[in-house]
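Asker: Following this line is final_34.cif, made up of mmCIF, N, CA and C atoms:
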```cif
data_entry
loop_
_atom_site.label_atom_id
_atom_site.label_comp_id
_atom_site.auth_asym_id
_atom_site.auth_seq_id
_atom_site.Cartn_x
_atom_site.Cartn_y
_atom_site.Cartn_z
N MET A 1 -77.08 44.93 -86.13
CA MET A 1 -77.26 44.04 -87.25
C MET A 1 -78.13 44.73 -88.28
N HIS A 2 -77.73 44.72 -89.53
CA HIS A 2 -78.51 45.28 -90.62
C HIS A 2 -79.39 44.18 -91.18
N MET A 3 -80.65 44.45 -91.32
CA MET A 3 -81.56 43.46 -91.88
C MET A 3 -82.19 44.03 -93.13
N SER A 4 -82.31 43.18 -94.17
CA SER A 4 -82.98 43.61 -95.39
C SER A 4 -84.14 42.66 -95.66
N GLN A 5 -85.09 43.14 -96.43
CA GLN A 5 -86.27 42.35 -96.72
C GLN A 5 -86.27 42.00 -98.19
N THR A 6 -86.40 40.71 -98.51
CA THR A 6 -86.52 40.26 -99.89
C THR A 6 -87.82 39.50 -100.04
N GLY A 7 -88.20 39.25 -101.27
CA GLY A 7 -89.44 38.55 -101.54
C GLY A 7 -89.52 37.20 -100.87
N THR A 8 -88.43 36.46 -100.82
CA THR A 8 -88.47 35.13 -100.24
C THR A 8 -88.24 35.15 -98.74
N SER A 9 -87.59 36.19 -98.22
CA SER A 9 -87.26 36.17 -96.79
C SER A 9 -88.38 36.70 -95.90
N THR A 10 -89.47 37.20 -96.49
CA THR A 10 -90.56 37.72 -95.67
C THR A 10 -91.65 36.68 -95.44
N LYS A 11 -91.53 35.54 -96.08
CA LYS A 11 -92.51 34.47 -95.93
C LYS A 11 -92.54 33.97 -94.49
N GLN A 12 -93.72 33.89 -93.93
CA GLN A 12 -93.84 33.40 -92.56
C GLN A 12 -94.28 31.95 -92.58
N GLN A 13 -93.76 31.19 -91.64
CA GLN A 13 -94.08 29.77 -91.56
C GLN A 13 -94.72 29.48 -90.21
N LYS A 14 -95.68 28.59 -90.21
CA LYS A 14 -96.31 28.13 -88.97
C LYS A 14 -95.54 26.91 -88.49
N ASP A 15 -95.01 26.98 -87.28
CA ASP A 15 -94.28 25.87 -86.68
C ASP A 15 -95.27 24.87 -86.09
N ASP A 16 -96.19 25.38 -85.33
CA ASP A 16 -97.31 24.61 -84.82
C ASP A 16 -98.51 25.54 -84.89
N GLY A 17 -99.60 25.18 -84.35
CA GLY A 17 -100.80 26.00 -84.45
C GLY A 17 -100.70 27.36 -83.80
N SER A 18 -99.75 27.57 -82.89
CA SER A 18 -99.72 28.81 -82.14
C SER A 18 -98.53 29.72 -82.45
N ALA A 19 -97.49 29.21 -83.06
CA ALA A 19 -96.27 30.00 -83.25
C ALA A 19 -96.07 30.35 -84.73
N THR A 20 -95.65 31.57 -84.99
CA THR A 20 -95.29 31.99 -86.33
C THR A 20 -93.81 32.30 -86.34
N LYS A 21 -93.11 31.77 -87.33
CA LYS A 21 -91.68 32.04 -87.46
C LYS A 21 -91.45 32.80 -88.75
N VAL A 22 -90.57 33.76 -88.70
CA VAL A 22 -90.19 34.51 -89.88
C VAL A 22 -89.02 33.77 -90.53
N ASP A 23 -89.11 33.52 -91.81
CA ASP A 23 -88.04 32.86 -92.56
C ASP A 23 -86.86 33.82 -92.66
N MET A 24 -85.71 33.45 -92.11
CA MET A 24 -84.52 34.31 -92.13
C MET A 24 -83.37 33.60 -92.81
N LYS A 25 -82.62 34.34 -93.59
CA LYS A 25 -81.46 33.79 -94.28
C LYS A 25 -80.30 34.76 -94.12
N LEU A 26 -79.13 34.24 -93.80
CA LEU A 26 -77.93 35.06 -93.75
C LEU A 26 -77.48 35.27 -95.19
N GLU A 27 -77.34 36.52 -95.62
CA GLU A 27 -77.00 36.79 -97.00
C GLU A 27 -75.60 37.37 -97.17
N VAL A 28 -75.07 38.08 -96.18
CA VAL A 28 -73.77 38.71 -96.32
C VAL A 28 -73.00 38.58 -95.01
N ASP A 29 -71.75 38.21 -95.11
CA ASP A 29 -70.86 38.14 -93.95
C ASP A 29 -69.73 39.13 -94.19
N ILE A 30 -69.64 40.17 -93.38
CA ILE A 30 -68.59 41.18 -93.53
C ILE A 30 -67.36 40.71 -92.79
N ILE A 31 -66.24 40.66 -93.51
CA ILE A 31 -64.98 40.22 -92.90
C ILE A 31 -63.96 41.36 -92.97
N PRO A 32 -63.26 41.59 -91.87
CA PRO A 32 -62.24 42.64 -91.87
C PRO A 32 -60.95 42.13 -92.53
N VAL A 33 -60.40 42.90 -93.45
CA VAL A 33 -59.15 42.54 -94.12
C VAL A 33 -58.19 43.71 -94.05
N SER A 34 -56.90 43.40 -94.16
CA SER A 34 -55.89 44.46 -94.13
C SER A 34 -55.52 44.95 -95.52
N ASP A 35 -55.71 44.12 -96.54
CA ASP A 35 -55.32 44.47 -97.90
C ASP A 35 -56.45 44.07 -98.85
N VAL A 36 -57.24 45.04 -99.27
CA VAL A 36 -58.42 44.78 -100.09
C VAL A 36 -58.04 44.14 -101.42
N GLU A 37 -57.03 44.64 -102.09
CA GLU A 37 -56.66 44.10 -103.41
C GLU A 37 -56.17 42.65 -103.32
N ARG A 38 -55.34 42.35 -102.32
CA ARG A 38 -54.87 40.97 -102.16
C ARG A 38 -56.03 40.04 -101.81
N SER A 39 -56.94 40.50 -101.00
CA SER A 39 -58.12 39.70 -100.65
C SER A 39 -58.98 39.45 -101.88
N LYS A 40 -59.15 40.48 -102.69
CA LYS A 40 -59.95 40.35 -103.91
C LYS A 40 -59.32 39.31 -104.85
N GLN A 41 -58.02 39.35 -105.02
CA GLN A 41 -57.33 38.38 -105.86
C GLN A 41 -57.45 36.97 -105.29
N PHE A 42 -57.38 36.83 -103.97
CA PHE A 42 -57.51 35.53 -103.32
C PHE A 42 -58.87 34.91 -103.62
N TYR A 43 -59.96 35.65 -103.44
CA TYR A 43 -61.29 35.10 -103.67
C TYR A 43 -61.54 34.84 -105.15
N LYS A 44 -60.97 35.65 -106.04
CA LYS A 44 -61.06 35.36 -107.48
C LYS A 44 -60.37 34.03 -107.77
N ARG A 45 -59.21 33.83 -107.16
CA ARG A 45 -58.45 32.60 -107.36
C ARG A 45 -59.22 31.38 -106.85
N LEU A 46 -60.02 31.56 -105.82
CA LEU A 46 -60.86 30.46 -105.33
C LEU A 46 -61.96 30.09 -106.33
N GLY A 47 -62.24 30.98 -107.26
CA GLY A 47 -63.30 30.73 -108.23
C GLY A 47 -64.67 31.15 -107.75
N TRP A 48 -64.71 31.96 -106.69
CA TRP A 48 -65.99 32.45 -106.20
C TRP A 48 -66.51 33.52 -107.14
N ARG A 49 -67.83 33.62 -107.25
CA ARG A 49 -68.45 34.62 -108.13
C ARG A 49 -68.16 36.03 -107.60
N PHE A 50 -67.62 36.85 -108.46
CA PHE A 50 -67.36 38.26 -108.12
C PHE A 50 -68.66 39.02 -108.33
N ASP A 51 -69.17 39.63 -107.26
CA ASP A 51 -70.45 40.32 -107.32
C ASP A 51 -70.33 41.82 -107.53
N ASP A 52 -69.38 42.43 -106.80
CA ASP A 52 -69.33 43.89 -106.88
C ASP A 52 -68.04 44.43 -106.27
N ASP A 53 -67.64 45.58 -106.74
CA ASP A 53 -66.55 46.37 -106.17
C ASP A 53 -66.98 47.82 -106.34
N ALA A 54 -67.48 48.40 -105.27
CA ALA A 54 -68.04 49.74 -105.35
C ALA A 54 -67.46 50.64 -104.26
N ALA A 55 -67.37 51.91 -104.61
CA ALA A 55 -66.94 52.94 -103.66
C ALA A 55 -68.02 54.02 -103.67
N PRO A 56 -69.11 53.80 -102.91
CA PRO A 56 -70.24 54.73 -102.97
C PRO A 56 -69.96 56.12 -102.41
N THR A 57 -68.94 56.23 -101.57
CA THR A 57 -68.60 57.52 -100.99
C THR A 57 -67.12 57.50 -100.59
N ASN A 58 -66.57 58.64 -100.35
CA ASN A 58 -65.16 58.74 -99.97
C ASN A 58 -64.91 57.96 -98.67
N GLY A 59 -63.89 57.10 -98.66
CA GLY A 59 -63.54 56.34 -97.48
C GLY A 59 -64.26 55.01 -97.34
N ILE A 60 -65.15 54.69 -98.29
CA ILE A 60 -65.90 53.43 -98.25
C ILE A 60 -65.65 52.67 -99.55
N ARG A 61 -65.30 51.39 -99.41
CA ARG A 61 -65.16 50.50 -100.56
C ARG A 61 -65.78 49.17 -100.17
N ILE A 62 -66.63 48.65 -101.05
CA ILE A 62 -67.35 47.41 -100.79
C ILE A 62 -67.04 46.41 -101.89
N VAL A 63 -66.43 45.27 -101.51
CA VAL A 63 -66.14 44.19 -102.45
C VAL A 63 -66.92 42.97 -101.97
N GLN A 64 -67.59 42.29 -102.91
CA GLN A 64 -68.41 41.15 -102.52
C GLN A 64 -68.18 39.97 -103.45
N PHE A 65 -68.03 38.77 -102.84
CA PHE A 65 -67.88 37.51 -103.56
C PHE A 65 -68.87 36.50 -102.98
N THR A 66 -69.31 35.54 -103.80
CA THR A 66 -70.21 34.49 -103.35
C THR A 66 -69.65 33.13 -103.74
N PRO A 67 -69.53 32.21 -102.77
CA PRO A 67 -69.06 30.86 -103.10
C PRO A 67 -70.07 30.14 -104.00
N PRO A 68 -69.60 29.21 -104.83
CA PRO A 68 -70.51 28.45 -105.69
C PRO A 68 -71.60 27.75 -104.88
N GLY A 69 -72.84 27.93 -105.28
CA GLY A 69 -73.96 27.27 -104.62
C GLY A 69 -74.41 27.91 -103.32
N SER A 70 -73.77 28.98 -102.90
CA SER A 70 -74.10 29.61 -101.62
C SER A 70 -75.10 30.73 -101.80
N ARG A 71 -75.91 30.92 -100.80
CA ARG A 71 -76.81 32.07 -100.75
C ARG A 71 -76.22 33.17 -99.89
N CYS A 72 -75.07 32.91 -99.30
CA CYS A 72 -74.40 33.89 -98.44
C CYS A 72 -73.13 34.37 -99.12
N SER A 73 -72.94 35.66 -99.16
CA SER A 73 -71.76 36.27 -99.75
C SER A 73 -70.82 36.76 -98.67
N VAL A 74 -69.56 36.91 -99.03
CA VAL A 74 -68.61 37.58 -98.15
C VAL A 74 -68.38 38.97 -98.70
N THR A 75 -68.31 39.92 -97.80
CA THR A 75 -68.08 41.31 -98.16
C THR A 75 -66.89 41.81 -97.36
N PHE A 76 -66.01 42.51 -98.02
CA PHE A 76 -64.87 43.13 -97.36
C PHE A 76 -64.58 44.42 -98.08
N GLY A 77 -63.71 45.21 -97.53
CA GLY A 77 -63.38 46.47 -98.19
C GLY A 77 -62.74 47.44 -97.23
N LYS A 78 -63.12 48.68 -97.37
CA LYS A 78 -62.56 49.76 -96.57
C LYS A 78 -63.71 50.53 -95.93
N GLY A 79 -63.58 50.78 -94.62
CA GLY A 79 -64.58 51.57 -93.92
C GLY A 79 -65.87 50.84 -93.62
N LEU A 80 -65.85 49.49 -93.61
CA LEU A 80 -67.08 48.72 -93.41
C LEU A 80 -67.27 48.24 -91.98
N THR A 81 -66.17 48.03 -91.27
CA THR A 81 -66.26 47.47 -89.93
C THR A 81 -65.11 47.99 -89.07
N ALA A 82 -65.37 48.09 -87.79
CA ALA A 82 -64.32 48.49 -86.86
C ALA A 82 -63.53 47.28 -86.36
N ALA A 83 -63.97 46.07 -86.74
CA ALA A 83 -63.28 44.85 -86.32
C ALA A 83 -61.87 44.81 -86.92
N ALA A 84 -60.95 44.25 -86.16
CA ALA A 84 -59.56 44.16 -86.59
C ALA A 84 -59.37 43.07 -87.64
N PRO A 85 -58.55 43.35 -88.66
CA PRO A 85 -58.20 42.29 -89.60
C PRO A 85 -57.63 41.10 -88.83
N GLY A 86 -58.06 39.91 -89.21
CA GLY A 86 -57.62 38.72 -88.51
C GLY A 86 -58.57 38.27 -87.42
N SER A 87 -59.67 39.00 -87.21
CA SER A 87 -60.59 38.65 -86.12
C SER A 87 -61.79 37.82 -86.59
N ALA A 88 -61.96 37.66 -87.89
CA ALA A 88 -63.12 36.92 -88.39
C ALA A 88 -62.93 35.42 -88.19
N VAL A 89 -64.01 34.76 -87.85
CA VAL A 89 -64.02 33.30 -87.71
C VAL A 89 -65.26 32.80 -88.44
N GLY A 90 -65.09 31.74 -89.20
CA GLY A 90 -66.23 31.21 -89.93
C GLY A 90 -65.94 29.81 -90.41
N ALA A 91 -66.89 29.25 -91.14
CA ALA A 91 -66.72 27.92 -91.69
C ALA A 91 -67.35 27.89 -93.08
N LEU A 92 -66.73 27.19 -93.96
CA LEU A 92 -67.26 26.96 -95.29
C LEU A 92 -67.73 25.52 -95.33
N ILE A 93 -69.01 25.30 -95.53
CA ILE A 93 -69.59 23.97 -95.54
C ILE A 93 -69.63 23.48 -96.99
N VAL A 94 -69.11 22.28 -97.22
CA VAL A 94 -69.07 21.72 -98.57
C VAL A 94 -69.76 20.37 -98.59
N SER A 95 -70.26 19.97 -99.77
CA SER A 95 -70.96 18.69 -99.88
C SER A 95 -69.98 17.53 -100.01
N ASP A 96 -68.78 17.78 -100.50
CA ASP A 96 -67.77 16.73 -100.67
C ASP A 96 -66.41 17.35 -100.37
N ILE A 97 -65.88 17.08 -99.18
CA ILE A 97 -64.65 17.74 -98.74
C ILE A 97 -63.45 17.33 -99.59
N GLU A 98 -63.41 16.08 -100.05
CA GLU A 98 -62.30 15.64 -100.90
C GLU A 98 -62.32 16.39 -102.23
N ALA A 99 -63.49 16.51 -102.84
CA ALA A 99 -63.61 17.24 -104.11
C ALA A 99 -63.30 18.72 -103.92
N ALA A 100 -63.76 19.29 -102.80
CA ALA A 100 -63.48 20.70 -102.53
C ALA A 100 -61.98 20.91 -102.36
N HIS A 101 -61.32 20.01 -101.65
CA HIS A 101 -59.87 20.09 -101.47
C HIS A 101 -59.16 20.01 -102.81
N ASP A 102 -59.57 19.03 -103.64
CA ASP A 102 -58.95 18.87 -104.96
C ASP A 102 -59.13 20.12 -105.82
N GLU A 103 -60.32 20.73 -105.73
CA GLU A 103 -60.56 21.94 -106.51
C GLU A 103 -59.66 23.08 -106.04
N LEU A 104 -59.51 23.25 -104.73
CA LEU A 104 -58.64 24.30 -104.21
C LEU A 104 -57.20 24.10 -104.67
N VAL A 105 -56.72 22.87 -104.54
CA VAL A 105 -55.35 22.57 -104.97
C VAL A 105 -55.21 22.80 -106.47
N GLY A 106 -56.23 22.40 -107.24
CA GLY A 106 -56.22 22.62 -108.69
C GLY A 106 -56.19 24.09 -109.07
N ARG A 107 -56.65 24.95 -108.19
CA ARG A 107 -56.62 26.40 -108.44
C ARG A 107 -55.34 27.04 -107.93
N GLY A 108 -54.40 26.19 -107.47
CA GLY A 108 -53.12 26.72 -107.01
C GLY A 108 -53.12 27.16 -105.55
N ILE A 109 -54.15 26.81 -104.80
CA ILE A 109 -54.21 27.16 -103.38
C ILE A 109 -53.42 26.11 -102.60
N ASP A 110 -52.55 26.55 -101.72
CA ASP A 110 -51.75 25.65 -100.89
C ASP A 110 -52.62 25.23 -99.70
N ALA A 111 -53.48 24.23 -99.92
CA ALA A 111 -54.41 23.78 -98.88
C ALA A 111 -53.79 22.66 -98.07
N SER A 112 -54.11 22.63 -96.79
CA SER A 112 -53.63 21.56 -95.91
C SER A 112 -54.29 20.24 -96.30
N GLU A 113 -53.82 19.17 -95.72
CA GLU A 113 -54.47 17.88 -95.93
C GLU A 113 -55.85 17.92 -95.29
N VAL A 114 -56.75 17.09 -95.79
CA VAL A 114 -58.10 17.03 -95.26
C VAL A 114 -58.07 16.36 -93.89
N TRP A 115 -58.78 16.95 -92.96
CA TRP A 115 -58.90 16.41 -91.61
C TRP A 115 -60.27 15.76 -91.49
N HIS A 116 -60.32 14.45 -91.26
CA HIS A 116 -61.59 13.74 -91.05
C HIS A 116 -61.80 13.56 -89.56
N GLY A 117 -62.78 14.21 -89.02
CA GLY A 117 -63.04 14.08 -87.60
C GLY A 117 -63.69 15.33 -87.06
N PRO A 118 -63.63 15.48 -85.75
CA PRO A 118 -64.21 16.67 -85.12
C PRO A 118 -63.42 17.91 -85.51
N PRO A 119 -63.84 19.09 -85.10
CA PRO A 119 -63.07 20.30 -85.45
C PRO A 119 -61.58 20.10 -85.18
N VAL A 120 -60.79 20.71 -86.04
CA VAL A 120 -59.34 20.54 -86.00
C VAL A 120 -58.79 20.84 -84.61
N PRO A 121 -58.11 19.86 -84.01
CA PRO A 121 -57.53 20.13 -82.69
C PRO A 121 -56.37 21.12 -82.80
N ARG A 122 -56.02 21.76 -81.70
CA ARG A 122 -54.97 22.79 -81.68
C ARG A 122 -53.67 22.30 -82.30
N ARG A 123 -53.31 21.03 -82.10
CA ARG A 123 -52.02 20.58 -82.63
C ARG A 123 -52.00 20.58 -84.16
N HIS A 124 -53.17 20.52 -84.81
CA HIS A 124 -53.22 20.54 -86.27
C HIS A 124 -53.43 21.95 -86.80
N GLY A 125 -53.89 22.84 -85.95
CA GLY A 125 -54.12 24.22 -86.36
C GLY A 125 -53.00 25.08 -85.83
N SER A 126 -53.13 26.34 -86.03
CA SER A 126 -52.11 27.26 -85.56
C SER A 126 -52.77 28.55 -85.13
N ALA A 127 -52.36 29.05 -84.01
CA ALA A 127 -52.90 30.33 -83.55
C ALA A 127 -52.34 31.46 -84.39
N ALA A 128 -51.18 31.23 -85.00
CA ALA A 128 -50.56 32.25 -85.86
C ALA A 128 -51.24 32.24 -87.22
N PRO A 129 -51.29 33.37 -87.89
CA PRO A 129 -51.90 33.41 -89.21
C PRO A 129 -51.14 32.52 -90.19
N THR A 130 -51.90 31.85 -91.06
CA THR A 130 -51.31 31.08 -92.13
C THR A 130 -51.00 32.05 -93.27
N PRO A 131 -50.25 31.62 -94.30
CA PRO A 131 -50.00 32.54 -95.42
C PRO A 131 -51.29 33.09 -96.03
N SER A 132 -52.36 32.25 -96.13
CA SER A 132 -53.61 32.77 -96.68
C SER A 132 -54.23 33.79 -95.75
N ALA A 133 -54.05 33.61 -94.48
CA ALA A 133 -54.58 34.60 -93.54
C ALA A 133 -53.86 35.92 -93.75
N ARG A 134 -52.56 35.86 -94.00
CA ARG A 134 -51.84 37.11 -94.29
C ARG A 134 -52.32 37.70 -95.61
N ALA A 135 -52.62 36.85 -96.59
CA ALA A 135 -53.07 37.34 -97.89
C ALA A 135 -54.43 38.01 -97.80
N THR A 136 -55.30 37.46 -96.96
CA THR A 136 -56.65 38.00 -96.88
C THR A 136 -56.84 38.92 -95.69
N GLY A 137 -55.86 38.92 -94.77
CA GLY A 137 -56.01 39.73 -93.57
C GLY A 137 -56.94 39.09 -92.56
N ARG A 138 -57.21 37.79 -92.70
CA ARG A 138 -58.11 37.08 -91.79
C ARG A 138 -57.32 36.12 -90.93
N SER A 139 -57.89 35.77 -89.79
CA SER A 139 -57.26 34.76 -88.95
C SER A 139 -57.53 33.39 -89.53
N ALA A 140 -56.74 32.42 -89.12
CA ALA A 140 -56.93 31.05 -89.58
C ALA A 140 -57.92 30.36 -88.67
N PRO A 141 -59.17 30.15 -89.14
CA PRO A 141 -60.15 29.50 -88.28
C PRO A 141 -59.72 28.05 -88.02
N LEU A 142 -59.70 27.66 -86.77
CA LEU A 142 -59.26 26.32 -86.43
C LEU A 142 -60.35 25.28 -86.61
N THR A 143 -61.58 25.70 -86.88
CA THR A 143 -62.66 24.74 -87.01
C THR A 143 -62.95 24.36 -88.45
N ILE A 144 -62.29 24.97 -89.40
CA ILE A 144 -62.49 24.61 -90.80
C ILE A 144 -61.72 23.33 -91.08
N LEU A 145 -62.37 22.35 -91.69
CA LEU A 145 -61.77 21.05 -91.90
C LEU A 145 -60.57 21.09 -92.83
N THR A 146 -60.60 21.94 -93.83
CA THR A 146 -59.45 22.12 -94.70
C THR A 146 -59.00 23.56 -94.55
N ALA A 147 -57.89 23.76 -93.88
CA ALA A 147 -57.35 25.12 -93.73
C ALA A 147 -56.69 25.50 -95.04
N ILE A 148 -56.87 26.73 -95.46
CA ILE A 148 -56.30 27.20 -96.71
C ILE A 148 -55.04 27.99 -96.40
N ARG A 149 -53.97 27.62 -97.04
CA ARG A 149 -52.71 28.36 -96.88
C ARG A 149 -52.30 28.85 -98.26
N GLY A 150 -51.78 30.07 -98.33
CA GLY A 150 -51.24 30.52 -99.60
C GLY A 150 -51.93 31.64 -100.13
#
```
If you took the structure in this file and wrote it as structure tokens, what would it be?
Answerer:
Amino acid sequence: MHMSQTGTSTKQQKDDGSATKVDMKLEVDIIPVSDVERSKQFYKRLGWRFDDDAAPTNGIRIVQFTPPGSRCSVTFGKGLTAAAPGSAVGALIVSDIEAAHDELVGRGIDASEVWHGPPVPRRHGSAAPTPSARATGRSAPLTILTAIRG
């Protein structure tokens, strides 16, 4: 795990009189993709902030996007991870799932219907990649309340 130090992340907090906790924040999630350009277009279409597209050395390409209101970015590219495309699993937490769904659909994303309840059961999800999974080279996480297709 790579750790970086920022002005806000080095602040220590006292939990009780005897324990000190270091304030930690996840800032970047590296996801393996099969097609960097298609993935880049997908995240642009989502309306996420485009942070960077850099190739600091031969064989390395780093693309980074940040969801609105998030302190955590997604990074993908070439030469960043040995993980297989389609192996990433994650969740996007939203304050209003109906509004988030409407925004995705408004951006032309073929999103599934909203699932209200516990994590999506197998019958509503699919072990096979969805079209968006093929577009981004990621697997379709079955625990995301609104699966994105397209």
Asker: Once the PyMOL selection byres ((chain A and resi 42-46) around 8) has been evaluated on this model, what residues remain selected, and can you format them as a ChimeraX atom specification?
Answerer: /A:36-41,47-50,65-68,103-104,107-109,135-136,150
Asker: Distance CA of Ala88 (chain A)-atom C of Arg61 (chain A), one decimal place?
Answerer: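 Taking CA of Ala88 (chain A) as the start and atom C of Arg61 (chain A) as the end point, the length is 17.2 Å.
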Asker: Which value, in Å to one decimal, gives the distance between CA of Ser112 (chain A) and CA of Gly77 (chain A)?
Answerer: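 Going from CA of Ser112 (chain A) over to CA of Gly77 (chain A) covers 26.8 Å.
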Asker: Using Å and a single decimal, report how far CA of Ile97 (chain A) sits from atom C of Ser34 (chain A).
Answerer: 28.9 Å
Asker: DSSP says strand (DSSP E) for which residues of region 48-94 of chain A? Put them as a list in words?
Answerer: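 Everything in region 48-94 of chain A that counts as strand (DSSP E) is Arg49, Phe50, Asp51, Asp52, Asp53, Ala54, Ala55, Pro56, Thr57, Ile60, Arg61, Ile62, Val63, Gln64, Phe65, Thr66, Ser73, Val74, Thr75, Phe76, Gly77 and Lys78 of chain A.
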Asker: Which residue, A:Val63, A:Val105, A:Cys72, A:Val33, has the smallest gap to Pro85 (chain A) when you use only C-alpha atoms?
Answerer: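 So, comparing all the options, the nearest one is A:Val33.
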Asker: Kindly indicate which residue among A:Ala111, A:Asp102, A:Val94, A:Thr81 lies nearest to Asp29 (chain A), using only C-alpha atoms for the distances.
Answerer: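 Looking only at the distances to Asp29 (chain A), the closest residue turns out to be A:Thr81.
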Asker: Taking (-70.5, 51.3, -96.9) in the coordinates of the supplied file, I want to know which residues reach to within 6.5 Å of it, counting all atoms listed in the file; could you give the answer as a ChimeraX atom specification?
Answerer: /A:60-62,79-80
Asker: What would the selection look like, as a VMD selection string, if the PyMOL selection byres (((chain A and resi 31 and name CA) around 6) and name CA) were run on the coordinates I just shared?
Answerer: chain A and resid 30 32 76 88
Asker: List every residue of region 73-109 of chain A that DSSP, applied to the backbone of this structure, places in helix (DSSP H, G or I), and write the result as a list of chain:residue names.
Answerer: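 Those residues are A:Ile97, A:Glu98, A:Ala99, A:Ala100, A:His101, A:Asp102, A:Glu103, A:Leu104, A:Val105, A:Gly106.
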Asker: Taking into account only C-alpha atoms, which residue in the set A:Ala99, A:Asp23, A:Trp115, A:Ile93 is nearest to Ser70 (chain A)?
Answerer: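 Of A:Ala99, A:Asp23, A:Trp115, A:Ile93, the one nearest Ser70 (chain A) is A:Ile93, counting only C-alpha atoms.
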Asker: Show me, as a list of chain:residue names, the residues that have an atom within 6.5 Å of region 25-28 of chain A when counting only N, CA and C atoms, minus same-chain residues fewer than 5 positions from it.
Answerer: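 Residues meeting the cut-off are A:Ser9, A:Arg71, A:Cys72, A:Ser73, A:Val74, A:Thr75.
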